[in-house]
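Coordinates from upload-v4.cif are shown below (mmCIF, C-alpha atoms).
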```cif
data_input
loop_
_atom_site.label_atom_id
_atom_site.label_comp_id
_atom_site.auth_asym_id
_atom_site.auth_seq_id
_atom_site.Cartn_x
_atom_site.Cartn_y
_atom_site.Cartn_z
CA MET A 1 -22.51 -29.55 -15.40
CA ASP A 2 -24.21 -30.12 -18.76
CA THR A 3 -23.32 -27.11 -20.86
CA LYS A 4 -23.88 -28.50 -24.33
CA LEU A 5 -25.44 -25.85 -26.55
CA ASP A 6 -26.68 -28.04 -29.40
CA GLY A 7 -29.62 -26.32 -31.07
CA LYS A 8 -29.03 -22.96 -29.38
CA VAL A 9 -28.55 -19.83 -31.51
CA CYS A 10 -26.30 -17.14 -30.05
CA ILE A 11 -25.71 -13.57 -31.18
CA VAL A 12 -22.39 -12.01 -30.15
CA SER A 13 -21.95 -8.30 -30.78
CA GLY A 14 -18.39 -7.11 -31.25
CA GLY A 15 -17.65 -10.64 -32.39
CA GLY A 16 -14.87 -9.84 -34.84
CA ASN A 17 -12.04 -9.43 -32.34
CA GLY A 18 -10.93 -9.76 -28.72
CA LEU A 19 -13.42 -10.99 -26.14
CA GLY A 20 -16.22 -11.28 -28.69
CA ALA A 21 -14.21 -13.48 -31.04
CA ALA A 22 -13.10 -15.72 -28.15
CA MET A 23 -16.66 -16.09 -26.85
CA ALA A 24 -18.05 -16.76 -30.33
CA LYS A 25 -15.51 -19.52 -30.90
CA GLY A 26 -16.20 -20.97 -27.44
CA LEU A 27 -19.96 -20.99 -27.97
CA ALA A 28 -19.56 -22.63 -31.38
CA GLY A 29 -17.23 -25.20 -29.83
CA ALA A 30 -19.95 -26.07 -27.30
CA GLY A 31 -22.40 -26.82 -30.12
CA ALA A 32 -24.19 -23.49 -30.63
CA ARG A 33 -24.82 -21.80 -33.93
CA VAL A 34 -23.47 -18.27 -33.72
CA LEU A 35 -24.16 -14.98 -35.45
CA ILE A 36 -21.33 -12.49 -34.94
CA ALA A 37 -21.81 -8.79 -35.57
CA ASP A 38 -19.13 -6.13 -35.87
CA LEU A 39 -18.02 -3.12 -37.89
CA ASP A 40 -14.75 -4.89 -38.71
CA ARG A 41 -15.40 -6.99 -41.80
CA ALA A 42 -11.86 -8.41 -41.82
CA GLY A 43 -12.17 -9.47 -38.19
CA LEU A 44 -15.51 -11.14 -38.88
CA ASN A 45 -14.07 -13.02 -41.85
CA ASN A 46 -11.17 -14.22 -39.73
CA VAL A 47 -13.49 -15.63 -37.05
CA LEU A 48 -15.72 -17.21 -39.72
CA ALA A 49 -12.70 -18.97 -41.19
CA GLN A 50 -11.45 -20.22 -37.83
CA VAL A 51 -14.83 -21.58 -36.73
CA GLY A 52 -15.51 -23.06 -40.16
CA SER A 53 -12.15 -24.82 -40.12
CA ALA A 54 -12.69 -26.19 -36.61
CA HIS A 55 -16.37 -27.15 -36.80
CA GLY A 56 -17.38 -27.25 -40.45
CA PRO A 57 -19.83 -25.11 -42.42
CA GLY A 58 -23.13 -23.89 -41.04
CA ARG A 59 -22.00 -23.26 -37.47
CA ILE A 60 -21.40 -19.51 -37.76
CA ALA A 61 -22.54 -16.50 -39.76
CA ALA A 62 -21.63 -12.82 -39.70
CA CYS A 63 -23.30 -9.45 -40.04
CA VAL A 64 -21.41 -6.19 -40.64
CA SER A 65 -23.22 -3.67 -38.48
CA ASP A 66 -22.96 -0.62 -36.24
CA ILE A 67 -24.43 -1.38 -32.82
CA THR A 68 -25.43 2.29 -32.46
CA ASN A 69 -27.64 2.24 -35.57
CA GLU A 70 -31.19 1.01 -34.89
CA ARG A 71 -31.67 -0.33 -38.41
CA ASP A 72 -28.37 -2.21 -38.23
CA VAL A 73 -29.32 -3.66 -34.84
CA ASP A 74 -32.66 -4.91 -36.12
CA GLY A 75 -30.70 -6.38 -39.03
CA ILE A 76 -28.54 -8.40 -36.63
CA VAL A 77 -31.58 -10.23 -35.27
CA GLU A 78 -33.03 -10.60 -38.75
CA ALA A 79 -29.74 -12.14 -39.94
CA ALA A 80 -29.80 -14.66 -37.09
CA LEU A 81 -33.37 -15.62 -37.96
CA GLU A 82 -32.51 -15.88 -41.64
CA HIS A 83 -29.48 -18.11 -41.07
CA PHE A 84 -30.63 -20.13 -38.06
CA GLN A 85 -34.41 -19.54 -37.69
CA ARG A 86 -34.33 -18.53 -34.03
CA VAL A 87 -32.59 -16.43 -31.37
CA ASP A 88 -31.82 -17.92 -27.96
CA VAL A 89 -28.84 -16.00 -26.55
CA VAL A 90 -27.59 -12.43 -26.92
CA VAL A 91 -24.11 -11.56 -25.71
CA ASN A 92 -23.88 -7.77 -25.60
CA ASN A 93 -20.13 -7.49 -25.90
CA ALA A 94 -19.48 -4.64 -28.37
CA GLY A 95 -17.66 -1.91 -26.51
CA THR A 96 -15.42 1.09 -26.80
CA GLY A 97 -13.73 3.49 -24.42
CA ALA A 98 -11.32 6.33 -23.91
CA GLN A 99 -8.96 5.04 -26.60
CA ILE A 100 -11.20 6.70 -29.21
CA VAL A 101 -10.39 10.03 -27.54
CA ARG A 102 -6.75 9.55 -26.61
CA PRO A 103 -4.80 6.34 -27.42
CA ASN A 104 -2.43 6.83 -24.45
CA PHE A 105 -5.19 7.56 -21.93
CA ILE A 106 -3.46 5.51 -19.22
CA SER A 107 -0.24 7.53 -19.07
CA GLN A 108 -2.10 10.76 -19.88
CA PRO A 109 -5.50 10.38 -18.18
CA LEU A 110 -8.57 12.12 -19.51
CA ASN A 111 -10.62 14.37 -17.29
CA SER A 112 -14.35 14.46 -17.93
CA TRP A 113 -14.13 17.98 -19.33
CA ASP A 114 -11.42 16.93 -21.80
CA ILE A 115 -13.79 14.61 -23.68
CA PRO A 116 -15.53 16.05 -26.75
CA PRO A 117 -19.29 15.57 -26.47
CA GLU A 118 -19.45 13.54 -29.69
CA LYS A 119 -16.91 11.06 -28.27
CA TRP A 120 -18.81 10.82 -24.96
CA ARG A 121 -22.01 10.12 -26.91
CA ARG A 122 -20.28 7.48 -29.01
CA ILE A 123 -19.05 5.63 -25.92
CA MET A 124 -22.51 5.76 -24.32
CA ASP A 125 -24.14 4.70 -27.59
CA VAL A 126 -21.89 1.65 -28.03
CA ASN A 127 -21.70 0.50 -24.41
CA ALA A 128 -25.19 1.25 -23.10
CA ILE A 129 -27.70 2.15 -25.82
CA GLY A 130 -26.52 -0.53 -28.26
CA PRO A 131 -27.12 -3.35 -25.75
CA PHE A 132 -30.58 -1.91 -25.03
CA MET A 133 -31.47 -1.90 -28.74
CA LEU A 134 -30.15 -5.41 -29.41
CA SER A 135 -31.88 -6.82 -26.33
CA ARG A 136 -35.10 -5.02 -27.30
CA ALA A 137 -34.97 -6.57 -30.78
CA ALA A 138 -34.25 -10.09 -29.53
CA ILE A 139 -36.38 -10.46 -26.39
CA PRO A 140 -39.77 -10.79 -28.16
CA HIS A 141 -38.43 -13.86 -30.00
CA MET A 142 -37.14 -15.31 -26.73
CA LEU A 143 -40.47 -14.70 -24.98
CA LYS A 144 -42.29 -16.44 -27.81
CA ASN A 145 -40.10 -19.51 -27.24
CA GLY A 146 -40.24 -19.26 -23.43
CA TRP A 147 -36.43 -19.41 -23.23
CA GLY A 148 -33.62 -16.92 -23.59
CA ARG A 149 -30.41 -15.48 -22.24
CA ILE A 150 -29.28 -11.86 -22.23
CA ILE A 151 -25.63 -11.67 -21.16
CA ASN A 152 -24.11 -8.19 -20.85
CA VAL A 153 -20.34 -7.68 -20.72
CA SER A 154 -19.71 -5.14 -17.97
CA THR A 155 -16.65 -3.95 -16.06
CA THR A 156 -15.32 -3.82 -12.51
CA TRP A 157 -16.84 -1.55 -9.88
CA GLU A 158 -13.44 0.16 -9.58
CA THR A 159 -13.37 1.01 -13.28
CA MET A 160 -16.85 2.56 -13.06
CA LEU A 161 -15.50 4.99 -10.46
CA ARG A 162 -11.91 5.36 -11.61
CA PRO A 163 -10.58 8.84 -12.50
CA GLY A 164 -9.70 9.06 -16.17
CA PHE A 165 -12.45 6.59 -17.10
CA ALA A 166 -15.27 9.10 -16.78
CA SER A 167 -16.85 8.13 -20.10
CA TYR A 168 -16.34 4.37 -20.09
CA GLY A 169 -17.21 3.92 -16.40
CA PRO A 170 -20.63 5.64 -16.52
CA SER A 171 -21.55 3.78 -19.71
CA LYS A 172 -20.95 0.45 -18.01
CA ALA A 173 -22.76 1.61 -14.86
CA ALA A 174 -25.76 2.34 -17.08
CA LEU A 175 -25.50 -1.15 -18.58
CA GLU A 176 -25.34 -2.66 -15.09
CA SER A 177 -28.42 -0.76 -13.95
CA MET A 178 -30.35 -1.71 -17.08
CA SER A 179 -29.45 -5.36 -16.51
CA ALA A 180 -30.88 -5.27 -12.98
CA GLY A 181 -34.19 -3.76 -14.08
CA MET A 182 -34.52 -6.02 -17.10
CA ALA A 183 -33.87 -9.14 -15.01
CA LYS A 184 -36.77 -8.19 -12.72
CA GLU A 185 -39.06 -7.44 -15.65
CA LEU A 186 -38.39 -10.88 -17.17
CA GLU A 187 -38.69 -12.95 -13.97
CA GLY A 188 -40.72 -16.12 -14.58
CA SER A 189 -40.58 -15.78 -18.37
CA GLY A 190 -37.76 -18.25 -19.02
CA VAL A 191 -35.53 -15.37 -20.16
CA THR A 192 -32.67 -14.48 -17.83
CA VAL A 193 -30.43 -11.42 -17.70
CA ASN A 194 -26.94 -11.49 -16.22
CA THR A 195 -23.69 -9.56 -16.53
CA ILE A 196 -20.14 -10.83 -16.84
CA ILE A 197 -16.73 -9.21 -16.48
CA PRO A 198 -13.31 -10.65 -17.30
CA GLY A 199 -11.89 -9.88 -13.85
CA GLY A 200 -8.95 -7.74 -14.91
CA PRO A 201 -7.32 -6.15 -17.96
CA VAL A 202 -7.42 -8.42 -21.01
CA ASP A 203 -4.92 -8.54 -23.84
CA THR A 204 -7.11 -6.92 -26.48
CA ALA A 205 -6.82 -3.85 -28.68
CA GLN A 206 -8.93 -1.88 -26.19
CA VAL A 207 -6.12 -2.07 -23.61
CA PRO A 208 -3.52 0.55 -24.61
CA ALA A 209 0.17 -0.06 -25.06
CA ASP A 210 0.97 2.25 -22.12
CA ILE A 211 -0.88 0.15 -19.55
CA GLY A 212 2.38 -0.18 -17.62
CA VAL A 213 2.55 -3.97 -17.22
CA PRO A 214 3.87 -6.68 -19.57
CA ARG A 215 1.24 -7.81 -22.09
CA GLU A 216 1.92 -11.42 -21.15
CA SER A 217 0.65 -10.73 -17.63
CA LEU A 218 -2.79 -9.69 -18.90
CA LEU A 219 -5.75 -12.06 -18.99
CA ARG A 220 -6.34 -13.88 -22.26
CA PRO A 221 -9.62 -13.31 -24.13
CA ASP A 222 -10.63 -16.96 -23.75
CA VAL A 223 -10.90 -16.45 -19.97
CA MET A 224 -14.55 -15.64 -20.76
CA VAL A 225 -15.40 -18.95 -22.38
CA PRO A 226 -16.21 -21.37 -19.51
CA ALA A 227 -18.56 -18.93 -17.75
CA ILE A 228 -20.23 -17.68 -20.95
CA VAL A 229 -20.92 -21.21 -22.16
CA TRP A 230 -22.52 -22.09 -18.81
CA LEU A 231 -24.60 -18.90 -18.82
CA ALA A 232 -25.83 -19.70 -22.34
CA SER A 233 -26.89 -23.22 -21.38
CA ASP A 234 -29.93 -24.85 -19.78
CA ALA A 235 -27.80 -25.33 -16.64
CA SER A 236 -28.09 -21.63 -15.76
CA ALA A 237 -31.91 -21.55 -15.87
CA GLU A 238 -32.32 -20.56 -12.21
CA ILE A 239 -29.80 -17.70 -12.36
CA THR A 240 -30.82 -14.16 -13.24
CA GLY A 241 -29.86 -10.70 -12.03
CA THR A 242 -26.37 -11.97 -11.25
CA ARG A 243 -22.90 -10.68 -12.07
CA PHE A 244 -20.06 -13.10 -12.86
CA THR A 245 -16.30 -12.65 -12.79
CA ALA A 246 -14.95 -14.95 -15.53
CA ALA A 247 -11.44 -15.20 -14.08
CA HIS A 248 -12.90 -16.71 -10.89
CA TRP A 249 -14.98 -19.32 -12.73
CA SER A 250 -13.52 -22.81 -13.20
CA GLN A 251 -15.04 -25.39 -15.52
CA ASP A 252 -13.57 -28.07 -13.25
CA ALA A 253 -15.21 -26.77 -10.04
CA GLU A 254 -18.58 -27.70 -8.59
CA LEU A 255 -21.38 -25.29 -9.37
CA ASP A 256 -21.78 -24.21 -5.74
CA ASP A 257 -18.08 -23.36 -5.59
CA ASN A 258 -18.28 -21.33 -8.79
CA LEU A 259 -21.33 -19.43 -7.58
CA ARG A 260 -19.59 -18.70 -4.29
CA ASN A 261 -16.32 -17.59 -5.91
CA ALA A 262 -17.46 -15.90 -9.13
CA ALA A 263 -21.00 -14.58 -8.62
CA GLU A 264 -22.58 -11.60 -6.90
CA PRO A 265 -25.81 -9.63 -7.41
CA VAL A 266 -25.97 -7.42 -10.46
CA ALA A 267 -25.83 -3.64 -9.85
CA TRP A 268 -26.12 -2.36 -6.27
CA PRO A 269 -29.04 -4.00 -4.40
CA GLN A 270 -27.32 -3.45 -1.05
CA LEU A 271 -27.87 0.28 -1.50
CA VAL A 272 -31.59 0.03 -2.16
CA LYS A 273 -34.05 0.85 0.62
CA THR A 274 -37.68 -0.01 0.15
CA ILE A 275 -39.81 3.09 -0.22
CA VAL A 276 -42.95 2.78 1.86
CA MET A 277 -45.69 5.14 0.75
CA LYS A 278 -47.64 6.46 3.71
CA GLU A 279 -51.04 8.06 3.80
CA ARG A 280 -51.39 11.35 1.96
CA GLY A 281 -50.27 14.19 4.20
CA ASN A 282 -48.10 11.92 6.31
CA LEU A 283 -45.10 11.37 4.10
CA SER A 284 -41.60 11.46 5.52
#
```
Could you write out this structure as structure tokens?
Amino acid sequence: MDTKLDGKVCIVSGGGNGLGAAMAKGLAGAGARVLIADLDRAGLNNVLAQVGSAHGPGRIAACVSDITNERDVDGIVEAALEHFQRVDVVVNNAGTGAQIVRPNFISQPLNSWDIPPEKWRRIMDVNAIGPFMLSRAAIPHMLKNGWGRIINVSTTWETMLRPGFASYGPSKAALESMSAGMAKELEGSGVTVNTIIPGGPVDTAQVPADIGVPRESLLRPDVMVPAIVWLASDASAEITGTRFTAAHWSQDAELDDNLRNAAEPVAWPQLVKTIVMKERGNLS
């Protein structure tokens, strides 16, 4: 599979640490120019230094921003255009969860009614509304070029329904639903929309110390790289409205095998029944 990204410009939100940093470095390593956005200036500087050391100057730039602030989000796209003159790929990775309410939320689970409304709003703002705003800002540029990729970092179905995850789960369910609708809206435009999940807990700061398993048994952040690079490439042009599990994707496998093992429809199409409108007065 040809997954070279030479000439492509990728935005990665939450790019200063964890999954975002790993994906940004992987995309840059595949030839893309990358704009990383994050609130963590030190994390951004660290990724800039690593990519600059590995690939030379001009491959990566950074933007300190809050994904929940509309002006900041518009500034992310403006920064990509200023540095690299185009926007081809958006990886909506910035995320937060119950750790902002209770650091030990695994051993002491949070009920829905335990969560202060301002914390619930923050989680929804970061995980669902932020991706909407960044996609909204970037898609017009993609449509103008007739090519683009929106890639939303989601979570497992189990996590969406898991007790104690009643803020994080619904926020990712909203992201999943948005991805499905957006993919349909953009059909035939050259812009695709897909979601991706790691496939299990990842050794990042978002996973608390009380998770109950050795840290070395967790997935590594770079588990995302092979699948994200393929999704950002020309090779994925025919794929939209699809959900990928990164841990099940192998860069050494044939494409058909990867699609069989790592892909499924985004959201819940198996639950949808077509609504047939009957004549007025004869609705059932």
Residue contacts of segment 125-138 of chain A (6 Å, only C-alpha atoms) excluding same-chain residues fewer than 3 positions away, as a list in words =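 In the requested form, the answer reads Ile67, Thr68, Val73, Asn92, Gly95, Arg121, Arg122, His141, Ser171 and Leu175 of chain A.
With all atoms listed in the file as the basis for measurement, A:Arg243 is the residue among A:Arg86, A:Arg243, A:Trp230, A:Asn93 that approaches Arg260 of chain A most closely.
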task = For the structure provided, state which residues fall under the PyMOL selection byres ((chain A and resi 261) around 10), and present them as an MDAnalysis selection string.
result = chainID A and resid 244:245 247:250 255:260 262:264
Quick one: contact table of segment 82-124 of chain A to segment 188-207 of chain A, 8 Å max, nearest atom pair and distance in Å to one decimal per residue, counting all atoms listed in the file, chain and number order, as a Markdown table?
```
| residue | atom | partner | partner_atom | distance |
| --- | --- | --- | --- | --- |
| A:Thr96 | CA | A:Gln206 | CA | 7.2 |
| A:Gly97 | CA | A:Gln206 | CA | 7.4 |
| A:Gln99 | CA | A:Gln206 | CA | 6.9 |
```
Export of the given selection (C-alpha atoms) as a short mmCIF file (atom, residue, chain, number, x, y, z; two decimals), in the frame of the given file:
```cif
data_model
loop_
_atom_site.label_atom_id
_atom_site.label_comp_id
_atom_site.auth_asym_id
_atom_site.auth_seq_id
_atom_site.Cartn_x
_atom_site.Cartn_y
_atom_site.Cartn_z
CA THR A 96 -15.42 1.09 -26.80
CA GLY A 97 -13.73 3.49 -24.42
CA GLN A 99 -8.96 5.04 -26.60
#
```
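Residue selection for this entry, given the PyMOL selection byres ((chain A and resi 223) around 7), comprises Pro198, Leu219, Arg220, Pro221, Asp222, Met224, Val225, Ala246 and Ala247 of chain A.
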Selection: 10 Å around Trp120 of chain A, all atoms listed in the file, excl. self and same-chain fewer than 4 positions, as a PyMOL selection string = chain A and resi 97-98+100-101+112+115-116+124-125+166-168+171
